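Listing of target-v3.txt; format and content: compact mmCIF, C-alpha atoms.
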# COMPACT_ATOMS: atom_id res chain seq x y z
CA MET A 23 -17.59 -47.39 -19.96
CA SER A 24 -17.58 -43.81 -21.18
CA ARG A 25 -19.00 -42.62 -17.84
CA PHE A 26 -16.28 -44.53 -16.03
CA LEU A 27 -13.61 -42.87 -18.16
CA ILE A 28 -15.15 -39.46 -17.56
CA LEU A 29 -15.12 -40.11 -13.82
CA ILE A 30 -11.46 -41.16 -13.93
CA ALA A 31 -10.59 -38.09 -15.97
CA ALA A 32 -12.46 -35.83 -13.52
CA LEU A 33 -10.70 -37.39 -10.52
CA ALA A 34 -7.35 -37.04 -12.24
CA LEU A 35 -8.08 -33.43 -13.03
CA LEU A 36 -9.24 -32.64 -9.53
CA SER A 37 -6.42 -34.54 -7.85
CA ASN A 38 -3.91 -32.53 -9.85
CA CYS A 39 -5.61 -29.44 -8.51
CA MET A 40 -5.30 -30.37 -4.88
CA SER A 41 -2.57 -31.33 -2.49
CA PHE A 42 -2.05 -31.50 1.24
CA SER A 43 1.19 -29.61 1.40
CA ASP A 44 1.88 -26.36 3.25
CA ARG A 45 4.81 -25.57 0.99
CA ALA A 46 3.32 -22.31 -0.25
CA MET A 47 2.73 -21.11 3.31
CA ARG A 48 6.13 -22.10 4.67
CA PRO A 49 7.75 -18.69 4.05
CA VAL A 50 4.96 -17.15 6.13
CA ARG A 51 5.25 -19.79 8.84
CA ASN A 52 9.04 -19.55 8.95
CA SER A 53 8.97 -15.77 9.11
CA ILE A 54 6.52 -15.85 12.01
CA VAL A 55 8.68 -18.28 13.95
CA GLU A 56 11.77 -16.21 13.21
CA GLN A 57 10.10 -13.08 14.52
CA MET A 58 8.55 -14.86 17.48
CA PRO A 59 11.17 -17.25 18.88
CA GLU A 60 8.89 -17.71 21.90
CA ILE A 61 6.63 -20.01 19.89
CA ARG A 62 6.88 -23.18 17.87
CA LEU A 63 4.46 -23.94 15.06
CA GLU A 64 3.69 -27.55 14.15
CA LYS A 65 1.62 -28.31 11.10
CA GLU A 66 -1.67 -30.00 11.87
CA MET A 67 -3.08 -29.99 8.40
CA ALA A 68 -2.78 -28.19 5.08
CA VAL A 69 -4.70 -28.05 1.86
CA ALA A 70 -3.62 -26.46 -1.40
CA VAL A 71 -6.19 -26.11 -4.13
CA GLY A 72 -5.28 -25.06 -7.66
CA GLY A 73 -7.07 -23.10 -10.34
CA GLY A 74 -8.64 -26.07 -12.08
CA MET A 75 -10.74 -26.80 -9.04
CA PHE A 76 -12.08 -23.24 -9.05
CA ASP A 77 -12.93 -23.42 -12.72
CA PHE A 78 -14.88 -26.56 -11.85
CA LEU A 79 -16.57 -24.90 -8.88
CA GLU A 80 -17.45 -21.89 -11.01
CA ILE A 81 -19.33 -24.18 -13.36
CA ILE A 82 -21.26 -26.09 -10.72
CA SER A 83 -21.78 -23.31 -8.20
CA ASP A 84 -24.40 -20.58 -8.24
CA SER A 85 -22.27 -18.37 -6.01
CA GLU A 86 -22.05 -14.72 -6.97
CA ALA A 87 -18.28 -14.76 -6.49
CA ASP A 88 -16.25 -15.11 -9.68
CA LEU A 89 -14.22 -18.14 -8.66
CA SER A 90 -12.64 -18.68 -12.06
CA GLU A 91 -10.13 -15.88 -11.43
CA VAL A 92 -8.80 -17.59 -8.32
CA ASP A 93 -5.42 -19.22 -9.03
CA HIS A 94 -4.74 -20.88 -5.71
CA LEU A 95 -6.18 -21.35 -2.28
CA HIS A 96 -3.85 -22.44 0.49
CA VAL A 97 -4.97 -23.28 3.98
CA ALA A 98 -2.59 -24.35 6.72
CA VAL A 99 -3.40 -25.05 10.34
CA TYR A 100 -0.61 -24.95 12.90
CA GLN A 101 -0.59 -25.89 16.52
CA VAL A 102 1.03 -23.12 18.55
CA TYR A 103 3.44 -24.29 21.25
CA PRO A 104 4.60 -21.50 23.51
CA GLN A 105 8.22 -21.74 24.57
CA GLY A 106 8.05 -19.31 27.42
CA GLY A 107 7.06 -15.66 27.16
CA ASN A 108 3.95 -13.94 25.89
CA THR A 109 2.62 -15.26 22.60
CA ARG A 110 1.07 -12.14 21.19
CA PHE A 111 0.64 -11.98 17.47
CA SER A 112 0.72 -8.53 15.91
CA ASP A 113 0.17 -6.63 12.69
CA GLU A 114 3.91 -6.16 12.29
CA VAL A 115 4.62 -9.88 12.54
CA PHE A 116 1.98 -10.83 10.02
CA GLN A 117 2.84 -8.04 7.61
CA GLU A 118 6.50 -9.01 7.66
CA SER A 119 5.61 -12.66 7.12
CA LEU A 120 3.54 -11.76 4.06
CA ARG A 121 6.45 -9.76 2.67
CA ALA A 122 8.56 -12.89 3.15
CA LYS A 123 6.07 -14.77 1.00
CA ASP A 124 5.73 -12.17 -1.71
CA ALA A 125 7.66 -8.92 -1.49
CA SER A 126 6.42 -7.78 -4.89
CA LEU A 127 2.97 -6.98 -3.49
CA THR A 128 1.94 -4.16 -1.19
CA TRP A 129 0.22 -5.71 1.82
CA GLU A 130 -2.37 -3.81 3.82
CA ARG A 131 -4.49 -4.94 6.73
CA ILE A 132 -8.08 -4.03 6.05
CA VAL A 133 -9.97 -5.88 8.76
CA ARG A 134 -9.23 -7.08 12.27
CA VAL A 135 -11.79 -8.82 14.42
CA ARG A 136 -11.36 -9.76 18.07
CA GLU A 137 -13.84 -12.21 19.49
CA GLN A 138 -13.83 -14.08 22.73
CA ASP A 139 -11.81 -17.09 21.63
CA GLU A 140 -10.51 -15.97 18.31
CA GLN A 141 -8.84 -13.12 16.47
CA VAL A 142 -8.88 -12.59 12.74
CA TRP A 143 -6.66 -10.42 10.58
CA VAL A 144 -7.43 -9.90 6.89
CA TYR A 145 -4.75 -8.55 4.57
CA VAL A 146 -4.89 -7.72 0.90
CA GLY A 147 -1.90 -7.95 -1.41
CA MET A 148 -1.94 -5.37 -4.18
CA ASP A 149 0.07 -5.02 -7.36
CA MET A 150 0.41 -1.25 -7.36
CA ASP A 151 1.74 -1.11 -10.92
CA ARG A 152 -1.28 -2.91 -12.32
CA GLN A 153 -3.64 -1.49 -9.70
CA ALA A 154 -4.92 -5.00 -9.09
CA LEU A 155 -5.83 -7.01 -6.03
CA GLU A 156 -3.65 -10.10 -6.28
CA ALA A 157 -4.03 -11.83 -2.95
CA VAL A 158 -6.09 -12.02 0.20
CA SER A 159 -4.51 -13.50 3.29
CA VAL A 160 -6.31 -14.31 6.49
CA PHE A 161 -4.75 -15.14 9.84
CA VAL A 162 -6.98 -16.72 12.46
CA VAL A 163 -5.56 -17.09 15.94
CA GLY A 164 -7.43 -19.40 18.28
CA LYS A 165 -6.54 -20.76 21.68
CA ASP A 166 -3.55 -22.87 20.65
CA GLU A 167 -3.93 -22.68 16.95
CA LEU A 168 -2.93 -20.50 14.04
CA VAL A 169 -4.75 -20.83 10.74
CA LEU A 170 -3.26 -19.31 7.61
CA ILE A 171 -5.44 -18.84 4.57
CA ASN A 172 -4.16 -17.40 1.34
CA MET A 173 -6.00 -16.90 -1.89
CA ASP A 174 -4.31 -15.50 -4.96
CA GLY A 175 -5.29 -14.65 -8.49
CA ASP A 176 -7.02 -11.66 -9.99
CA LEU A 177 -9.20 -11.01 -6.99
CA SER A 178 -10.40 -7.51 -7.73
CA GLU A 179 -13.91 -8.81 -8.40
CA MET A 180 -13.94 -10.56 -5.05
CA ILE A 181 -12.84 -7.69 -2.86
CA GLU A 182 -16.20 -7.59 -1.15
CA TYR A 183 -15.60 -11.07 0.29
CA ALA A 184 -12.45 -9.89 2.08
CA PHE A 185 -14.79 -8.04 4.45
CA GLU A 186 -16.66 -11.22 5.39
CA PRO A 187 -15.22 -11.42 8.95
CA ALA A 188 -16.59 -7.93 9.61
CA ARG A 189 -19.96 -8.45 7.90
CA GLY A 190 -22.79 -6.82 9.81
CA HIS A 191 -20.54 -4.13 11.25
CA ARG A 192 -20.22 -0.58 10.04
CA GLY A 193 -17.45 -0.05 7.51
CA ALA A 194 -17.74 -3.46 5.88
CA TYR A 195 -17.74 -2.65 2.18
CA THR A 196 -20.62 -4.01 0.19
CA SER A 197 -21.18 -3.96 -3.54
CA GLY A 198 -24.62 -2.50 -3.02
CA MET B 23 33.46 1.55 -4.84
CA LYS B 24 31.66 -0.86 -2.52
CA LEU B 25 31.12 1.95 -0.02
CA ILE B 26 29.72 4.19 -2.74
CA LYS B 27 27.35 1.43 -3.85
CA GLN B 28 26.17 0.95 -0.27
CA MET B 29 25.61 4.67 0.06
CA VAL B 30 23.62 4.76 -3.18
CA VAL B 31 21.49 1.79 -2.05
CA GLY B 32 20.88 3.50 1.28
CA VAL B 33 19.84 6.78 -0.33
CA VAL B 34 17.53 4.99 -2.79
CA ALA B 35 15.95 2.97 0.06
CA LEU B 36 15.44 6.17 2.02
CA MET B 37 13.79 7.79 -0.99
CA LEU B 38 11.43 4.83 -1.28
CA VAL B 39 10.59 4.80 2.41
CA THR B 40 10.17 8.55 2.74
CA PRO B 41 7.18 8.89 0.37
CA ALA B 42 5.29 6.19 2.30
CA TRP B 43 6.07 7.89 5.60
CA ALA B 44 5.28 11.28 4.15
CA ALA B 45 1.98 9.98 2.73
CA ASP B 46 0.97 8.69 6.14
CA ASN B 47 1.99 11.95 7.79
CA SER B 48 0.19 14.02 5.17
CA LEU B 49 -3.01 12.08 5.93
CA ARG B 50 -2.64 13.00 9.58
CA ASP B 51 -2.35 16.64 8.49
CA HIS B 52 -5.50 16.38 6.37
CA PRO B 53 -8.29 18.60 7.75
CA GLY B 54 -10.69 15.65 7.70
CA TYR B 55 -8.51 13.32 9.76
CA VAL B 56 -9.42 12.58 13.38
CA ASP B 57 -7.26 10.74 15.88
CA PHE B 58 -9.42 8.63 18.18
CA SER B 59 -6.57 7.30 20.29
CA SER B 60 -7.73 9.12 23.45
CA LEU B 61 -11.18 7.62 23.15
CA THR B 62 -9.72 4.23 22.32
CA SER B 63 -7.64 4.25 25.49
CA GLN B 64 -10.70 5.34 27.46
CA ALA B 65 -12.54 2.22 26.32
CA SER B 66 -9.81 0.26 28.15
CA SER B 67 -10.04 -2.50 25.64
CA GLU B 68 -9.09 -3.15 22.08
CA PRO B 69 -11.70 -2.79 19.35
CA THR B 70 -13.80 -5.81 18.54
CA VAL B 71 -13.72 -4.83 14.90
CA GLU B 72 -11.24 -2.58 13.13
CA ILE B 73 -11.67 -1.68 9.51
CA SER B 74 -9.00 0.43 7.90
CA LEU B 75 -9.08 1.36 4.25
CA ARG B 76 -6.48 3.69 2.83
CA ALA B 77 -5.86 5.20 -0.55
CA PRO B 78 -4.35 2.15 -2.34
CA ILE B 79 -7.22 -0.22 -1.62
CA LEU B 80 -9.80 2.54 -2.10
CA ALA B 81 -8.32 3.26 -5.53
CA MET B 82 -8.71 -0.40 -6.42
CA MET B 83 -12.30 -0.39 -5.29
CA THR B 84 -12.85 2.59 -7.55
CA ASN B 85 -11.48 0.73 -10.56
CA LEU B 86 -13.48 -2.33 -9.68
CA ILE B 87 -16.87 -0.69 -9.40
CA ARG B 88 -16.45 1.84 -12.20
CA ASN B 89 -17.80 -0.57 -14.81
CA GLU B 90 -20.97 -1.30 -12.89
CA ASP B 91 -21.64 1.98 -11.11
CA GLU B 92 -19.94 5.14 -12.36
CA MET B 93 -21.48 7.29 -9.63
CA ALA B 94 -20.37 5.02 -6.81
CA ALA B 95 -16.89 4.81 -8.32
CA ASP B 96 -16.79 8.57 -8.46
CA PHE B 97 -17.41 9.07 -4.76
CA VAL B 98 -15.15 6.21 -3.64
CA SER B 99 -12.38 7.75 -5.75
CA LYS B 100 -12.56 10.85 -3.58
CA LEU B 101 -11.91 8.97 -0.35
CA LEU B 102 -8.49 8.90 1.28
CA ARG B 103 -9.32 6.87 4.34
CA VAL B 104 -12.17 4.98 5.94
CA SER B 105 -11.54 3.99 9.52
CA VAL B 106 -14.01 2.17 11.74
CA ASN B 107 -13.44 1.00 15.31
CA VAL B 108 -16.18 -0.94 17.06
CA PHE B 109 -16.12 -1.90 20.72
CA GLU B 110 -18.67 -4.49 21.67
CA SER B 111 -18.39 -4.96 25.37
CA ASP B 112 -20.63 -4.55 28.35
CA ALA B 113 -17.47 -3.74 30.30
CA VAL B 114 -17.22 -0.36 28.58
CA ASP B 115 -18.70 2.39 30.75
CA VAL B 116 -20.94 4.39 28.44
CA SER B 117 -20.91 7.51 30.61
CA GLU B 118 -17.10 7.59 30.66
CA ILE B 119 -16.99 7.05 26.91
CA ALA B 120 -19.58 9.79 26.48
CA ASP B 121 -17.35 12.15 28.50
CA SER B 122 -14.43 11.39 26.20
CA MET B 123 -16.67 11.84 23.20
CA SER B 124 -17.60 15.27 24.54
CA GLU B 125 -13.93 16.18 24.86
CA ILE B 126 -13.26 15.11 21.29
CA ALA B 127 -16.40 16.94 20.17
CA GLU B 128 -15.15 20.15 21.82
CA SER B 129 -11.83 19.72 20.09
CA LEU B 130 -13.60 19.24 16.76
CA ASP B 131 -15.65 22.37 17.42
CA ASP B 132 -12.41 24.30 18.01
CA GLN B 133 -10.92 22.99 14.77
CA GLY B 134 -13.86 24.22 12.71
CA TRP B 135 -15.84 20.98 12.38
CA GLU B 136 -19.60 21.35 12.18
CA ARG B 137 -21.88 19.19 14.25
CA VAL B 138 -24.73 17.91 12.09
CA VAL B 139 -26.30 15.39 14.47
CA ARG B 140 -26.38 15.05 18.23
CA VAL B 141 -28.56 12.47 19.93
CA ARG B 142 -28.82 11.87 23.66
CA GLU B 143 -31.65 9.46 24.13
CA ASN B 144 -32.35 6.24 26.01
CA GLY B 145 -28.73 5.81 27.02
CA GLU B 146 -27.54 6.33 23.44
CA HIS B 147 -25.01 9.06 22.58
CA VAL B 148 -24.52 9.92 18.92
CA ASP B 149 -22.39 12.70 17.44
CA ILE B 150 -21.88 13.25 13.73
CA TYR B 151 -19.45 15.95 12.64
CA MET B 152 -18.39 17.18 9.23
CA ARG B 153 -15.40 19.25 8.22
CA LEU B 154 -16.28 21.44 5.28
CA SER B 155 -13.88 23.03 2.85
CA ASN B 156 -13.35 26.78 3.13
CA ASP B 157 -15.82 27.46 0.35
CA GLY B 158 -18.32 24.99 1.78
CA GLU B 159 -18.48 23.03 -1.46
CA LEU B 160 -16.82 19.86 -0.27
CA ILE B 161 -16.66 17.76 2.88
CA HIS B 162 -13.09 16.99 3.93
CA GLY B 163 -14.06 14.64 6.71
CA ILE B 164 -16.92 12.91 8.45
CA THR B 165 -16.69 11.77 12.03
CA ILE B 166 -19.27 9.58 13.70
CA MET B 167 -19.15 8.68 17.38
CA VAL B 168 -21.78 6.39 18.84
CA ALA B 169 -21.89 5.12 22.40
CA GLU B 170 -24.60 2.91 23.78
CA PRO B 171 -24.60 0.08 26.28
CA GLY B 172 -22.54 -2.73 24.84
CA ASP B 173 -21.60 -0.92 21.66
CA THR B 174 -19.22 1.96 20.94
CA VAL B 175 -18.44 2.93 17.36
CA MET B 176 -16.02 5.46 15.97
CA VAL B 177 -15.89 6.23 12.28
CA ASN B 178 -13.65 8.68 10.44
CA ILE B 179 -13.92 9.18 6.71
CA VAL B 180 -11.37 11.41 5.02
CA GLY B 181 -11.60 12.67 1.47
CA GLU B 182 -13.14 15.26 -0.79
CA ILE B 183 -16.80 14.34 -0.52
CA SER B 184 -19.84 16.14 -1.82
CA GLY B 185 -23.11 16.31 0.07
CA ASN B 186 -24.79 14.19 -2.60
CA ASP B 187 -22.44 11.31 -1.88
CA ILE B 188 -23.23 10.96 1.82
CA ALA B 189 -26.15 8.55 1.62
CA ALA B 190 -24.41 6.43 -1.03
CA LEU B 191 -21.34 6.30 1.22
CA GLY B 192 -23.50 5.03 4.05
CA ARG B 193 -24.97 2.29 1.87
CA ARG B 194 -21.63 1.11 0.47
CA PHE B 195 -19.92 0.95 3.84
CA ASP B 196 -22.94 -0.14 5.85
CA ILE B 197 -23.00 3.01 8.03
CA ASP B 198 -26.67 3.51 8.92
CA GLU B 199 -26.09 6.95 10.46
CA LEU B 200 -25.17 8.32 7.03
CA THR B 201 -27.78 6.58 4.92
CA ASP B 202 -30.65 8.88 5.87
CA LEU B 203 -28.59 12.03 6.27
CA GLU B 204 -29.28 14.91 3.95
CA VAL B 205 -26.68 17.64 3.71
CA ASP B 206 -27.53 21.08 2.39
CA GLN B 207 -24.51 22.82 0.86
I'd like the structure from this file rewritten - as structure tokens, please.
Amino acid sequence: MSRFLILIAALALLSNCMSFSDRAMRPVRNSIVEQMPEIRLEKEMAVAVGGGMFDFLEIISDSEADLSEVDHLHVAVYQVYPQGGNTRFSDEVFQESLRAKDASLTWERIVRVREQDEQVWVYVGMDMDRQALEAVSVFVVGKDELVLINMDGDLSEMIEYAFEPARGHRGAYTSG
Amino acid sequence: MKLIKQMVVGVVALMLVTPAWAADNSLRDHPGYVDFSSLTSQASSEPTVEISLRAPILAMMTNLIRNEDEMAADFVSKLLRVSVNVFESDAVDVSEIADSMSEIAESLDDQGWERVVRVRENGEHVDIYMRLSNDGELIHGITIMVAEPGDTVMVNIVGEISGNDIAALGRRFDIDELTDLEVDQ
């Protein structure tokens, strides 16, 4: 019985830490569509994971990354429907969309990767007053798809992982 | 009154924008800064990988690593910019890129940069330049240009770097050409 109750409690805890809403990413999505009227974005899927889940993962994982400082992880996948014209995503569009989400942070693109079927932009959001890395946002553009990934919290310890898309190339920062 | 308020808001906004613009412009005026746009256009394609680190994120890296590695934090704190452009494409003509590299190299020579490495071997072209301070104590900039079949790399590091930091810089930012380099100052 006690194991059953523990399992129920764990599920309740974890379910409170996770949802399938793209609400947190909607300012980004809406800003992109506003800047690029030539496209329409339709949500395919979204996952929002809260801090409790990362505390749990920190306990059970042997990863070097300090997951306990992560407050939220949001992932949203959108189907891109062109409505005539050239659908070309740009730094300016993404940077503006991040400002729409959180204007209190200074957003800088640190990595861009162009591969055959996919492009990746990685931005960091910094609190300049506290000199802290508060967010990492990743945009992945595929053939007809846009994936938005946002992680926020006190991410200074995890800065190395922001370079993951560029790993193996010169310039990708490593902790040593 | 409303007009005055609007004017005040406009002036304040301009004051906030101007430092950012001025900071960017002052970096371009830094003796260690190199503009690769001519070489980029020669490649006729966009970089496969672009890494761009400027002062704000570099300052945060400094704070982050200071607790674990004081020496590494010290040299990262002296950096103003790390820029890496990588072109991975067999469509890039190495000989044309090498010609553009030579033009940039000549320009660097004219500006007082010192060439520390030149390799022309087995289809590989490598140039490493450094811009020293007037007294030769510090390195204001490092420029690395590599062209080989399928792979063109351009790196510009701007800051106030000492010769002792070069190898550590190469290790932290995964730049092999710097890891084994020894600089006598």
Env of Glu66 of chain A: 12 Å cut, atoms = all atoms listed in the file, seq-sep filter 5 positions within chain, self excluded. Answer as a PyMOL selection string.
chain A and resi 42-44+97-102+166-170
My list of candidates is A:Arg110, A:Arg131, A:Lys165, A:Arg48. Which is closest to chain B when distances are computed with all atoms listed in the file?
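Of A:Arg110, A:Arg131, A:Lys165, A:Arg48, the one nearest chain B, counting all atoms listed in the file, is A:Arg131.
A cut-off of 9 Å from the point (-16.8, 1.7, 18.0), with all atoms listed in the file, picks out the residues A:Arg192, B:Thr62, B:Pro69, B:Thr70, B:Val71, B:Glu72, B:Val106, B:Asn107, B:Val108, B:Phe109, B:Glu110, B:Met167, B:Val168, B:Ala169, B:Asp173, B:Thr174, B:Val175, B:Met176, B:Val177.
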Interface rows for chain B against chain A: nearest pair, Å to one decimal, 7 Å, all atoms listed in the file, as CSV:
residue,atom,partner,partner_atom,distance
B:Thr70,CA,A:Arg136,CA,4.7
B:Val71,CA,A:Val135,CA,4.5
B:Glu72,CA,A:Arg134,CA,5.0
B:Ile73,CA,A:Val133,CA,4.6
B:Ser74,CA,A:Ile132,CA,4.9
B:Leu75,CA,A:Ile132,CA,5.8
B:Met82,CA,A:Gln153,CA,6.1
B:Leu86,CA,A:Ser178,CA,6.3
B:Val106,CA,A:Gly193,CA,5.9
B:Arg193,CA,A:Gly198,CA,6.9
B:Arg194,CA,A:Thr196,CA,5.2
B:Phe195,CA,A:Tyr195,CA,4.5
B:Asp196,CA,A:Arg192,CA,5.0
B:Ile197,CA,A:Arg192,CA,5.0
Please produce an output containing C-alpha atoms for each residue in the selection, written as a tab-separated table (two decimals), keeping the file's coordinate frame.
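So out.tsv came out as:
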chain	number	residue	atom	x	y	z
B	70	THR	CA	-13.80	-5.81	18.54
B	71	VAL	CA	-13.72	-4.83	14.90
B	72	GLU	CA	-11.24	-2.58	13.13
B	73	ILE	CA	-11.67	-1.68	9.51
B	74	SER	CA	-9.00	0.43	7.90
B	75	LEU	CA	-9.08	1.36	4.25
B	82	MET	CA	-8.71	-0.40	-6.42
B	86	LEU	CA	-13.48	-2.33	-9.68
B	106	VAL	CA	-14.01	2.17	11.74
B	193	ARG	CA	-24.97	2.29	1.87
B	194	ARG	CA	-21.63	1.11	0.47
B	195	PHE	CA	-19.92	0.95	3.84
B	196	ASP	CA	-22.94	-0.14	5.85
B	197	ILE	CA	-23.00	3.01	8.03
Counting all atoms listed in the file, what is within 10 Å of segment 178-186 of chain B, bar same-chain residues fewer than 5 positions away, as a CSV table (one decimal) with C-alpha atoms, keeping the file's coordinate frame?
chain,number,residue,atom,x,y,z
A,193,GLY,CA,-17.4,0.0,7.5
B,49,LEU,CA,-3.0,12.1,5.9
B,50,ARG,CA,-2.6,13.0,9.6
B,52,HIS,CA,-5.5,16.4,6.4
B,53,PRO,CA,-8.3,18.6,7.8
B,54,GLY,CA,-10.7,15.6,7.7
B,55,TYR,CA,-8.5,13.3,9.8
B,56,VAL,CA,-9.4,12.6,13.4
B,57,ASP,CA,-7.3,10.7,15.9
B,58,PHE,CA,-9.4,8.6,18.2
B,74,SER,CA,-9.0,0.4,7.9
B,75,LEU,CA,-9.1,1.4,4.2
B,76,ARG,CA,-6.5,3.7,2.8
B,77,ALA,CA,-5.9,5.2,-0.6
B,96,ASP,CA,-16.8,8.6,-8.5
B,97,PHE,CA,-17.4,9.1,-4.8
B,98,VAL,CA,-15.2,6.2,-3.6
B,99,SER,CA,-12.4,7.8,-5.8
B,100,LYS,CA,-12.6,10.8,-3.6
B,101,LEU,CA,-11.9,9.0,-0.4
B,102,LEU,CA,-8.5,8.9,1.3
B,103,ARG,CA,-9.3,6.9,4.3
B,104,VAL,CA,-12.2,5.0,5.9
B,105,SER,CA,-11.5,4.0,9.5
B,106,VAL,CA,-14.0,2.2,11.7
B,107,ASN,CA,-13.4,1.0,15.3
B,150,ILE,CA,-21.9,13.2,13.7
B,151,TYR,CA,-19.4,16.0,12.6
B,152,MET,CA,-18.4,17.2,9.2
B,153,ARG,CA,-15.4,19.2,8.2
B,154,LEU,CA,-16.3,21.4,5.3
B,155,SER,CA,-13.9,23.0,2.8
B,158,GLY,CA,-18.3,25.0,1.8
B,159,GLU,CA,-18.5,23.0,-1.5
B,160,LEU,CA,-16.8,19.9,-0.3
B,161,ILE,CA,-16.7,17.8,2.9
B,162,HIS,CA,-13.1,17.0,3.9
B,163,GLY,CA,-14.1,14.6,6.7
B,164,ILE,CA,-16.9,12.9,8.4
B,165,THR,CA,-16.7,11.8,12.0
B,166,ILE,CA,-19.3,9.6,13.7
B,167,MET,CA,-19.2,8.7,17.4
B,191,LEU,CA,-21.3,6.3,1.2
B,203,LEU,CA,-28.6,12.0,6.3
B,204,GLU,CA,-29.3,14.9,4.0
B,205,VAL,CA,-26.7,17.6,3.7
B,206,ASP,CA,-27.5,21.1,2.4
B,207,GLN,CA,-24.5,22.8,0.9
Could you tell me how far atom CA of Tyr103 of chain A sits from atom CA of Met40 of chain A, in Å to one decimal place?
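Going from atom CA of Met40 of chain A over to atom CA of Tyr103 of chain A, I get 28.2 Å.
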Taking all atoms of segment 116-131 of chain B that the file lists and extending 6 Å past them on each side, where is the centre of the axis-aligned box and how long are its edges? Answer in Å to one decimal, as lines of an AutoDock Vina configuration file.
center_x = -16.4
center_y = 13.4
center_z = 23.7
size_x = 21.1
size_y = 30.0
size_z = 25.9
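Taking atom CA of Ile54 of chain A and atom CA of Ala70 of chain A as endpoints, the distance between them is 19.9 Å.
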A straight line from atom CA of His94 of chain A to atom CA of Met173 of chain A spans 5.7 Å
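For the choices A:Glu114, A:Leu177, A:Glu60, A:His96, the atom-to-atom distance to Val160 of chain A is smallest for A:His96 when using all atoms listed in the file.
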Answer as a CSV table (one decimal) with C-alpha atoms, keeping the file's coordinate frame, residues within 6 Å of (-5.9, -14.1, -1.8) using all atoms listed in the file:
chain,number,residue,atom,x,y,z
A,157,ALA,CA,-4.0,-11.8,-3.0
A,158,VAL,CA,-6.1,-12.0,0.2
A,159,SER,CA,-4.5,-13.5,3.3
A,172,ASN,CA,-4.2,-17.4,1.3
A,173,MET,CA,-6.0,-16.9,-1.9
A,174,ASP,CA,-4.3,-15.5,-5.0
